[in-house]
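Here is the file entry-v1.cif (mmCIF, C-alpha atoms).
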data_start
loop_
_atom_site.label_atom_id
_atom_site.label_comp_id
_atom_site.auth_asym_id
_atom_site.auth_seq_id
_atom_site.Cartn_x
_atom_site.Cartn_y
_atom_site.Cartn_z
CA MET A 34 22.01 -1.83 -21.07
CA TRP A 35 21.07 -2.81 -24.64
CA GLN A 36 22.86 -2.72 -27.98
CA THR A 37 20.05 -2.19 -30.50
CA PHE A 38 16.76 -0.29 -30.54
CA ASP A 39 14.31 -1.09 -33.34
CA THR A 40 11.05 0.70 -34.19
CA PRO A 41 8.96 -1.60 -36.42
CA THR A 42 5.78 -0.33 -38.08
CA SER A 43 3.95 -3.65 -38.35
CA ILE A 44 3.36 -6.78 -36.29
CA GLN A 45 5.05 -8.92 -38.94
CA GLU A 46 8.15 -6.72 -38.88
CA THR A 47 8.21 -6.99 -35.09
CA LEU A 48 8.20 -10.78 -35.23
CA GLU A 49 10.95 -10.77 -37.85
CA ILE A 50 13.16 -8.54 -35.68
CA LEU A 51 12.59 -10.76 -32.65
CA ALA A 52 13.44 -13.86 -34.66
CA ARG A 53 16.60 -12.25 -35.97
CA HIS A 54 17.77 -11.54 -32.43
CA GLU A 55 17.13 -15.18 -31.43
CA GLY A 56 15.64 -14.45 -28.01
CA GLN A 57 18.06 -11.64 -27.14
CA ALA A 58 15.68 -8.74 -27.86
CA GLN A 59 12.47 -7.80 -26.08
CA ILE A 60 9.34 -5.84 -26.92
CA ILE A 61 8.83 -2.51 -25.17
CA ALA A 62 5.89 -0.09 -25.29
CA GLY A 63 5.29 2.10 -22.22
CA GLY A 64 8.36 0.68 -20.51
CA THR A 65 7.34 1.91 -17.05
CA ASP A 66 8.44 -1.39 -15.48
CA LEU A 67 10.99 -2.68 -17.97
CA THR A 68 13.28 0.36 -18.14
CA ILE A 69 13.56 0.50 -14.36
CA GLU A 70 14.40 -3.20 -14.15
CA LEU A 71 17.06 -2.83 -16.84
CA ARG A 72 18.64 0.16 -15.10
CA GLU A 73 18.67 -1.70 -11.80
CA GLY A 74 20.45 -4.60 -13.50
CA LYS A 75 17.78 -7.18 -12.67
CA TYR A 76 18.39 -8.58 -16.14
CA SER A 77 19.73 -7.47 -19.50
CA VAL A 78 18.70 -7.76 -23.15
CA GLY A 79 20.61 -7.43 -26.38
CA GLY A 80 18.02 -5.15 -27.94
CA LEU A 81 14.68 -3.46 -27.47
CA VAL A 82 11.85 -3.49 -30.01
CA ASP A 83 9.61 -0.44 -29.60
CA VAL A 84 6.11 -1.28 -30.88
CA THR A 85 4.50 2.12 -30.25
CA ARG A 86 4.70 3.10 -33.95
CA ILE A 87 2.58 0.20 -35.15
CA PRO A 88 -0.77 1.55 -36.46
CA GLY A 89 -4.02 0.28 -34.99
CA LEU A 90 -2.78 -0.76 -31.56
CA LYS A 91 -4.11 2.30 -29.70
CA GLN A 92 -7.79 1.67 -30.34
CA VAL A 93 -10.52 1.25 -27.72
CA GLU A 94 -13.58 0.12 -29.63
CA GLN A 95 -16.63 -2.09 -29.82
CA LYS A 96 -16.60 -4.77 -32.51
CA GLY A 97 -19.90 -6.61 -32.56
CA ASP A 98 -20.31 -8.39 -29.22
CA TRP A 99 -16.76 -7.59 -28.12
CA ILE A 100 -14.94 -4.65 -26.61
CA VAL A 101 -11.44 -4.69 -28.09
CA LEU A 102 -8.37 -2.93 -26.70
CA GLY A 103 -5.22 -2.56 -28.77
CA ALA A 104 -1.99 -3.63 -27.09
CA ASN A 105 -0.72 -0.05 -26.86
CA VAL A 106 -3.82 1.32 -25.12
CA THR A 107 -2.69 3.18 -22.00
CA PHE A 108 -4.26 3.32 -18.58
CA ARG A 109 -5.03 6.99 -19.14
CA GLN A 110 -7.06 6.07 -22.22
CA LEU A 111 -8.97 3.47 -20.23
CA LYS A 112 -9.59 5.89 -17.37
CA GLU A 113 -10.92 8.60 -19.67
CA SER A 114 -12.85 6.38 -22.11
CA ASP A 115 -16.63 6.85 -22.20
CA LEU A 116 -16.92 3.34 -23.64
CA MET A 117 -15.11 1.91 -20.60
CA GLN A 118 -17.36 3.84 -18.24
CA GLN A 119 -20.39 2.34 -19.96
CA GLN A 120 -19.15 -1.17 -20.63
CA ALA A 121 -16.40 -1.92 -18.10
CA ARG A 122 -16.44 0.53 -15.22
CA VAL A 123 -14.27 -1.85 -13.23
CA LEU A 124 -11.41 -1.40 -15.72
CA ALA A 125 -11.81 2.38 -15.91
CA GLU A 126 -11.71 2.60 -12.11
CA ALA A 127 -8.71 0.26 -11.91
CA ALA A 128 -6.85 2.34 -14.50
CA ALA A 129 -7.33 5.44 -12.36
CA THR A 130 -5.42 3.78 -9.50
CA VAL A 131 -2.33 2.85 -11.52
CA GLY A 132 0.42 5.22 -10.38
CA ALA A 133 0.30 8.94 -11.09
CA LEU A 134 -0.93 10.62 -14.28
CA GLN A 135 2.51 10.39 -15.93
CA ILE A 136 2.58 6.63 -15.45
CA GLN A 137 -1.02 6.25 -16.61
CA THR A 138 -0.11 8.18 -19.76
CA MET A 139 2.76 5.80 -20.62
CA ALA A 140 1.91 2.39 -19.15
CA THR A 141 -0.02 0.01 -21.43
CA ILE A 142 -2.60 -2.60 -20.57
CA ALA A 143 -0.66 -5.22 -22.56
CA GLY A 144 2.51 -4.48 -20.61
CA ASN A 145 0.58 -4.92 -17.37
CA VAL A 146 -0.56 -8.37 -18.49
CA VAL A 147 2.89 -9.49 -19.65
CA SER A 148 4.43 -8.30 -16.37
CA ALA A 149 2.19 -10.88 -14.63
CA LEU A 150 2.47 -9.39 -11.15
CA PRO A 151 0.02 -10.82 -8.58
CA ALA A 152 -1.16 -7.32 -7.65
CA ALA A 153 -1.31 -5.89 -11.18
CA ASP A 154 -4.41 -3.69 -11.21
CA GLY A 155 -5.14 -4.14 -14.91
CA CYS A 156 -4.77 -7.92 -14.72
CA VAL A 157 -7.10 -8.27 -11.74
CA ALA A 158 -9.76 -6.13 -13.45
CA LEU A 159 -9.45 -8.12 -16.68
CA LEU A 160 -10.02 -11.36 -14.75
CA ALA A 161 -13.40 -10.08 -13.61
CA LEU A 162 -14.25 -9.21 -17.21
CA GLY A 163 -13.40 -12.71 -18.41
CA ALA A 164 -10.98 -11.14 -20.88
CA GLU A 165 -8.94 -12.83 -23.58
CA ALA A 166 -5.61 -11.84 -25.13
CA GLN A 167 -4.52 -12.20 -28.73
CA VAL A 168 -1.01 -13.67 -28.86
CA VAL A 169 0.90 -13.64 -32.12
CA ASP A 170 4.11 -15.46 -33.05
CA GLU A 171 5.70 -17.05 -36.09
CA ASN A 172 3.06 -19.82 -36.00
CA GLY A 173 0.11 -17.44 -36.24
CA SER A 174 -2.42 -15.81 -33.93
CA VAL A 175 -4.48 -17.26 -31.07
CA TRP A 176 -6.88 -15.87 -28.46
CA ARG A 177 -6.15 -17.09 -24.94
CA PRO A 178 -8.01 -16.49 -21.65
CA ILE A 179 -6.16 -13.89 -19.61
CA GLU A 180 -5.99 -16.15 -16.55
CA GLU A 181 -4.01 -18.76 -18.52
CA LEU A 182 -1.20 -16.27 -19.06
CA PHE A 183 -0.03 -16.05 -15.44
CA LEU A 184 2.46 -18.75 -14.43
CA GLY A 185 3.92 -17.27 -11.25
CA PRO A 186 5.01 -13.97 -9.68
CA GLY A 187 6.26 -11.89 -12.62
CA LYS A 188 6.27 -14.95 -14.89
CA SER A 189 4.11 -14.80 -18.00
CA ALA A 190 3.13 -17.49 -20.48
CA ILE A 191 3.89 -14.89 -23.16
CA ASP A 192 7.54 -14.70 -24.18
CA PRO A 193 8.18 -11.02 -25.12
CA THR A 194 11.40 -12.05 -26.89
CA ARG A 195 9.49 -14.23 -29.38
CA GLN A 196 5.78 -13.40 -29.08
CA MET A 197 3.59 -10.31 -29.10
CA LEU A 198 0.34 -9.57 -27.31
CA THR A 199 -1.56 -7.54 -29.90
CA ALA A 200 -5.06 -7.07 -28.42
CA ILE A 201 -7.32 -7.76 -25.47
CA ARG A 202 -11.05 -8.36 -25.70
CA PHE A 203 -14.05 -9.04 -23.47
CA ARG A 204 -17.78 -9.34 -24.03
CA VAL A 205 -20.05 -6.31 -24.29
CA ALA A 206 -21.94 -5.78 -21.04
CA GLY A 207 -25.57 -6.79 -21.04
CA PRO A 208 -28.43 -4.65 -19.68
CA CYS A 209 -28.37 -6.56 -16.37
CA GLN A 210 -24.63 -6.18 -15.67
CA GLY A 211 -22.59 -4.00 -13.35
CA SER A 212 -18.96 -3.87 -12.24
CA ALA A 213 -16.80 -2.14 -9.64
CA TRP A 214 -13.20 -1.80 -8.42
CA GLU A 215 -11.91 -1.60 -4.87
CA ARG A 216 -8.30 -1.07 -3.78
CA ILE A 217 -6.40 -0.26 -0.62
CA GLY A 218 -2.77 0.86 -0.35
CA ARG A 219 -0.58 2.85 2.00
CA ARG A 220 -0.97 5.76 -0.41
CA ARG A 221 -3.47 6.33 -3.19
CA ALA A 222 -0.87 6.25 -5.97
CA LEU A 223 2.72 5.26 -6.70
CA VAL A 224 2.52 2.24 -4.43
CA LEU A 225 1.59 -1.41 -4.89
CA PRO A 226 -1.77 -2.23 -3.34
CA ILE A 227 -2.20 -3.99 -0.03
CA LEU A 228 -5.19 -5.60 -1.74
CA ASN A 229 -7.32 -5.03 -4.79
CA CYS A 230 -10.68 -6.43 -5.84
CA ALA A 231 -12.55 -6.43 -9.16
CA VAL A 232 -16.22 -7.44 -9.33
CA ASN A 233 -18.45 -8.03 -12.34
CA VAL A 234 -22.03 -9.28 -11.91
CA ALA A 235 -25.14 -9.98 -13.94
CA LEU A 236 -28.66 -10.03 -12.54
CA SER A 237 -31.60 -12.05 -13.80
CA GLU A 238 -33.99 -10.17 -16.07
CA ASP A 239 -36.31 -9.41 -13.17
CA GLY A 240 -33.40 -8.29 -11.00
CA GLU A 241 -34.30 -10.77 -8.26
CA GLN A 242 -31.26 -13.04 -8.52
CA LEU A 243 -27.58 -12.99 -9.38
CA ALA A 244 -27.24 -14.81 -12.70
CA TRP A 245 -23.46 -14.92 -12.29
CA ALA A 246 -20.51 -13.13 -10.76
CA LYS A 247 -16.84 -12.86 -11.68
CA ILE A 248 -14.37 -11.71 -9.05
CA GLY A 249 -10.66 -10.95 -9.40
CA LEU A 250 -8.41 -10.49 -6.36
CA GLY A 251 -4.79 -9.53 -5.78
CA PRO A 252 -2.29 -10.08 -4.32
CA VAL A 253 -3.72 -13.11 -2.53
CA ALA A 254 -1.88 -15.82 -4.48
CA PRO A 255 1.26 -16.16 -6.63
CA VAL A 256 -0.74 -14.88 -9.62
CA PRO A 257 -3.77 -12.60 -10.13
CA PHE A 258 -6.53 -14.68 -8.55
CA ARG A 259 -10.03 -15.59 -9.76
CA ALA A 260 -12.32 -16.25 -6.77
CA ARG A 261 -14.27 -19.14 -8.28
CA GLU A 262 -15.62 -20.53 -5.02
CA THR A 263 -17.15 -17.14 -4.24
CA GLU A 264 -18.56 -16.90 -7.76
CA ALA A 265 -20.18 -20.33 -7.39
CA PHE A 266 -21.66 -19.32 -4.04
CA LEU A 267 -23.26 -16.18 -5.50
CA ALA A 268 -24.82 -17.74 -8.60
CA GLY A 269 -28.60 -17.95 -8.29
CA ARG A 270 -28.81 -16.15 -4.94
CA ARG A 271 -30.74 -12.99 -4.18
CA PRO A 272 -28.43 -9.94 -4.11
CA THR A 273 -29.18 -9.12 -0.48
CA GLN A 274 -26.85 -7.68 2.13
CA ASP A 275 -26.75 -11.04 3.87
CA THR A 276 -25.71 -12.77 0.63
CA ILE A 277 -22.99 -10.20 0.07
CA GLU A 278 -21.63 -10.58 3.61
CA GLN A 279 -21.56 -14.36 3.28
CA ALA A 280 -19.82 -14.10 -0.09
CA ALA A 281 -17.14 -11.87 1.45
CA LYS A 282 -16.42 -14.59 4.02
CA VAL A 283 -16.16 -17.21 1.27
CA ALA A 284 -13.69 -15.00 -0.60
CA ALA A 285 -11.59 -14.53 2.52
CA ALA A 286 -11.52 -18.30 3.05
CA GLU A 287 -10.37 -19.15 -0.49
CA ALA A 288 -7.78 -16.38 -0.76
CA ARG A 289 -4.23 -17.02 0.41
CA PRO A 290 -2.60 -13.67 1.22
CA ARG A 291 0.67 -13.77 3.11
CA THR A 292 2.27 -11.49 5.64
CA SER A 293 4.39 -8.87 3.85
CA LEU A 294 6.68 -6.21 5.25
CA LEU A 295 5.75 -3.98 2.31
CA ARG A 296 2.02 -4.48 2.73
CA ALA A 297 0.55 -5.86 5.96
CA SER A 298 0.01 -9.01 7.99
CA LYS A 299 -1.94 -11.94 6.61
CA GLU A 300 -4.57 -11.54 9.32
CA TYR A 301 -5.12 -7.86 8.57
CA ARG A 302 -5.36 -8.45 4.85
CA ILE A 303 -7.95 -11.20 5.25
CA GLU A 304 -10.18 -8.87 7.28
CA VAL A 305 -9.72 -6.03 4.79
CA LEU A 306 -10.46 -8.40 1.92
CA LYS A 307 -13.95 -9.01 3.31
CA VAL A 308 -14.58 -5.27 3.27
CA LEU A 309 -13.34 -4.83 -0.30
CA VAL A 310 -15.39 -7.74 -1.64
CA SER A 311 -18.51 -6.47 0.15
CA ARG A 312 -18.06 -2.94 -1.22
CA GLY A 313 -17.32 -4.19 -4.70
CA LEU A 314 -20.38 -6.42 -4.78
CA GLU A 315 -22.63 -3.68 -3.40
CA ARG A 316 -21.49 -1.19 -6.03
CA ALA A 317 -21.59 -3.68 -8.90
CA VAL A 318 -25.11 -4.82 -7.98
CA ALA A 319 -26.24 -1.20 -7.65
CA GLN A 320 -24.94 -0.42 -11.14
CA ALA A 321 -26.67 -3.49 -12.58
CA GLN A 322 -29.93 -2.43 -10.92
CA GLU A 323 -29.56 1.07 -12.37
CA ARG A 324 -29.09 -0.37 -15.86
CA LEU A 325 -32.22 -2.48 -15.41
CA ALA A 326 -34.37 0.45 -14.25
#
As a first step, turn the structure in this file into structure tokens.
Amino acid sequence: MWQTFDTPTSIQETLEILARHEGQAQIIAGGTDLTIELREGKYSVGGLVDVTRIPGLKQVEQKGDWIVLGANVTFRQLKESDLMQQQARVLAEAAATVGALQIQTMATIAGNVVSALPAADGCVALLALGAEAQVVDENGSVWRPIEELFLGPGKSAIDPTRQMLTAIRFRVAGPCQGSAWERIGRRRALVLPILNCAVNVALSEDGEQLAWAKIGLGPVAPVPFRARETEAFLAGRRPTQDTIEQAAKVAAAEARPRTSLLRASKEYRIEVLKVLVSRGLERAVAQAQERLA
């Protein structure tokens, strides 16, 4: 399936190995998706570059106004992190729905982003957090908004044969913020979701209005989807049940799920989407109100 297997101990060494292979080698970390695809013959590579031995890429930490996740942070780390529970509950909850414990222990958040699947739980949660990714190549390092990295189903703007995603970051949550994750699938684990929904909100200082909302949805489009029309509707409104129900209808109108034999009909998914958005907003607002109290 591959001819070489390298284990660099630095980012620079990784880039040098990739350059030497001239696009014929690919980065691997958890490998929960990649190894299966290689075995099934969906595509082949000349070599694999295992980046799990690079120091400093397994950290979950706060740096000033940012929460920073190293590229090799696993979903199990996110699920069990006290910092995630405090600062990004939506991501901790999403991590808990990614496969079984064995997969959570191996799969990395960076790999989830590079896979660029429309239903990727980590990607949808990161959209709601307004996250950015640090992408490094021979020309240097740049931070890019997560939503810019998705070009199509399974198609990423990051080339894992020439570039490396080294970190992900998002802003520290303020005292008026709350977030929540909602997901529905045919089984709780080991199955792609019928739908998933990530919500992140901030209330005004008096708690009377929604200052802003960020909502990620999947799979309702060719890429992980940011519900910007719904976000615009919510901004400045009182966080009442009526507002939440109206916002759910706006989200259902702007989403574009399709009928899928593996998931469900378009009509069913639109109705379920309203429920997920409502639940997510209710829980996120409740958390924000608790933080304000």
Around all the atoms of region 124-132 of chain A listed in the file, with 5 Å of room on each side, what axis-aligned box do you get, giving centre and edge lengths in Å to one decimal, as AutoDock Vina command-line options?
--center_x -5.7 --center_y 2.0 --center_z -12.7 --size_x 22.2 --size_y 16.8 --size_z 16.4
Rank nothing, just name the residue among A:Ala164, A:Ile61, A:Leu236, A:Val84 nearest to Trp99 (chain A), using all atoms listed in the file.
A:Ala164
Which of A:Lys282, A:Arg261, A:Arg302, A:Arg271 sits closest to Val318 (chain A) [using all atoms listed in the file]:
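The shortest atom-to-atom distance to Val318 (chain A) comes from A:Arg271.
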Which residues of region 39-136 of chain A have any atom within 12 Å of an atom in region 207-221 of chain A when counting only C-alpha atoms, and what is the closest pair of atoms for each, with the distance in Å to one decimal? Order the rows by chain and rising number and write it as a tab-separated table.
residue	atom	partner	partner_atom	distance
A:Asp98	CA	A:Gly207	CA	9.9
A:Trp99	CA	A:Gly207	CA	11.3
A:Met117	CA	A:Ser212	CA	10.9
A:Gln118	CA	A:Ser212	CA	9.9
A:Gln119	CA	A:Gly211	CA	9.4
A:Gln120	CA	A:Gly211	CA	8.5
A:Ala121	CA	A:Ser212	CA	6.7
A:Arg122	CA	A:Ser212	CA	5.9
A:Val123	CA	A:Ala213	CA	4.4
A:Leu124	CA	A:Trp214	CA	7.5
A:Ala125	CA	A:Trp214	CA	8.7
A:Glu126	CA	A:Trp214	CA	5.9
A:Ala127	CA	A:Trp214	CA	6.0
A:Ala128	CA	A:Trp214	CA	9.7
A:Ala129	CA	A:Arg221	CA	10.0
A:Thr130	CA	A:Arg221	CA	7.1
A:Val131	CA	A:Arg221	CA	9.1
A:Gly132	CA	A:Arg221	CA	8.2
A:Ala133	CA	A:Arg221	CA	9.1
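Excluding Val308 (chain A) and any residue on its chain fewer than 3 positions from it, the residues at most 12 Å away by all atoms listed in the file are Glu215, Arg216, Ile217, Leu228, Asn229, Cys230, Ile277, Glu278, Gln279, Ala280, Ala281, Lys282, Ala284, Ala285, Tyr301, Arg302, Ile303, Glu304, Val305, Ser311, Arg312, Gly313, Leu314 and Glu315 of chain A.
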Which distance in Å separates CA of Ala254 (chain A) and CA of Arg291 (chain A), to one decimal?
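Computing it gives 8.3 Å between the two atoms.
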How far is it from CA of Thr141 (chain A) to CA of Ala104 (chain A), in Å with one decimal?
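Computed distance, CA of Thr141 (chain A) to CA of Ala104 (chain A), equals 7.0 Å.
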Quick one, how far is CA of Glu264 (chain A) from CA of Val147 (chain A)?
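It comes out at 25.6 Å.
Of the residues listed (A:Ala200, A:Val168, A:Ala268, A:Ala153), A:Ala153 shows the shortest atom-to-atom separation from Leu225 (chain A); distances use only C-alpha atoms.
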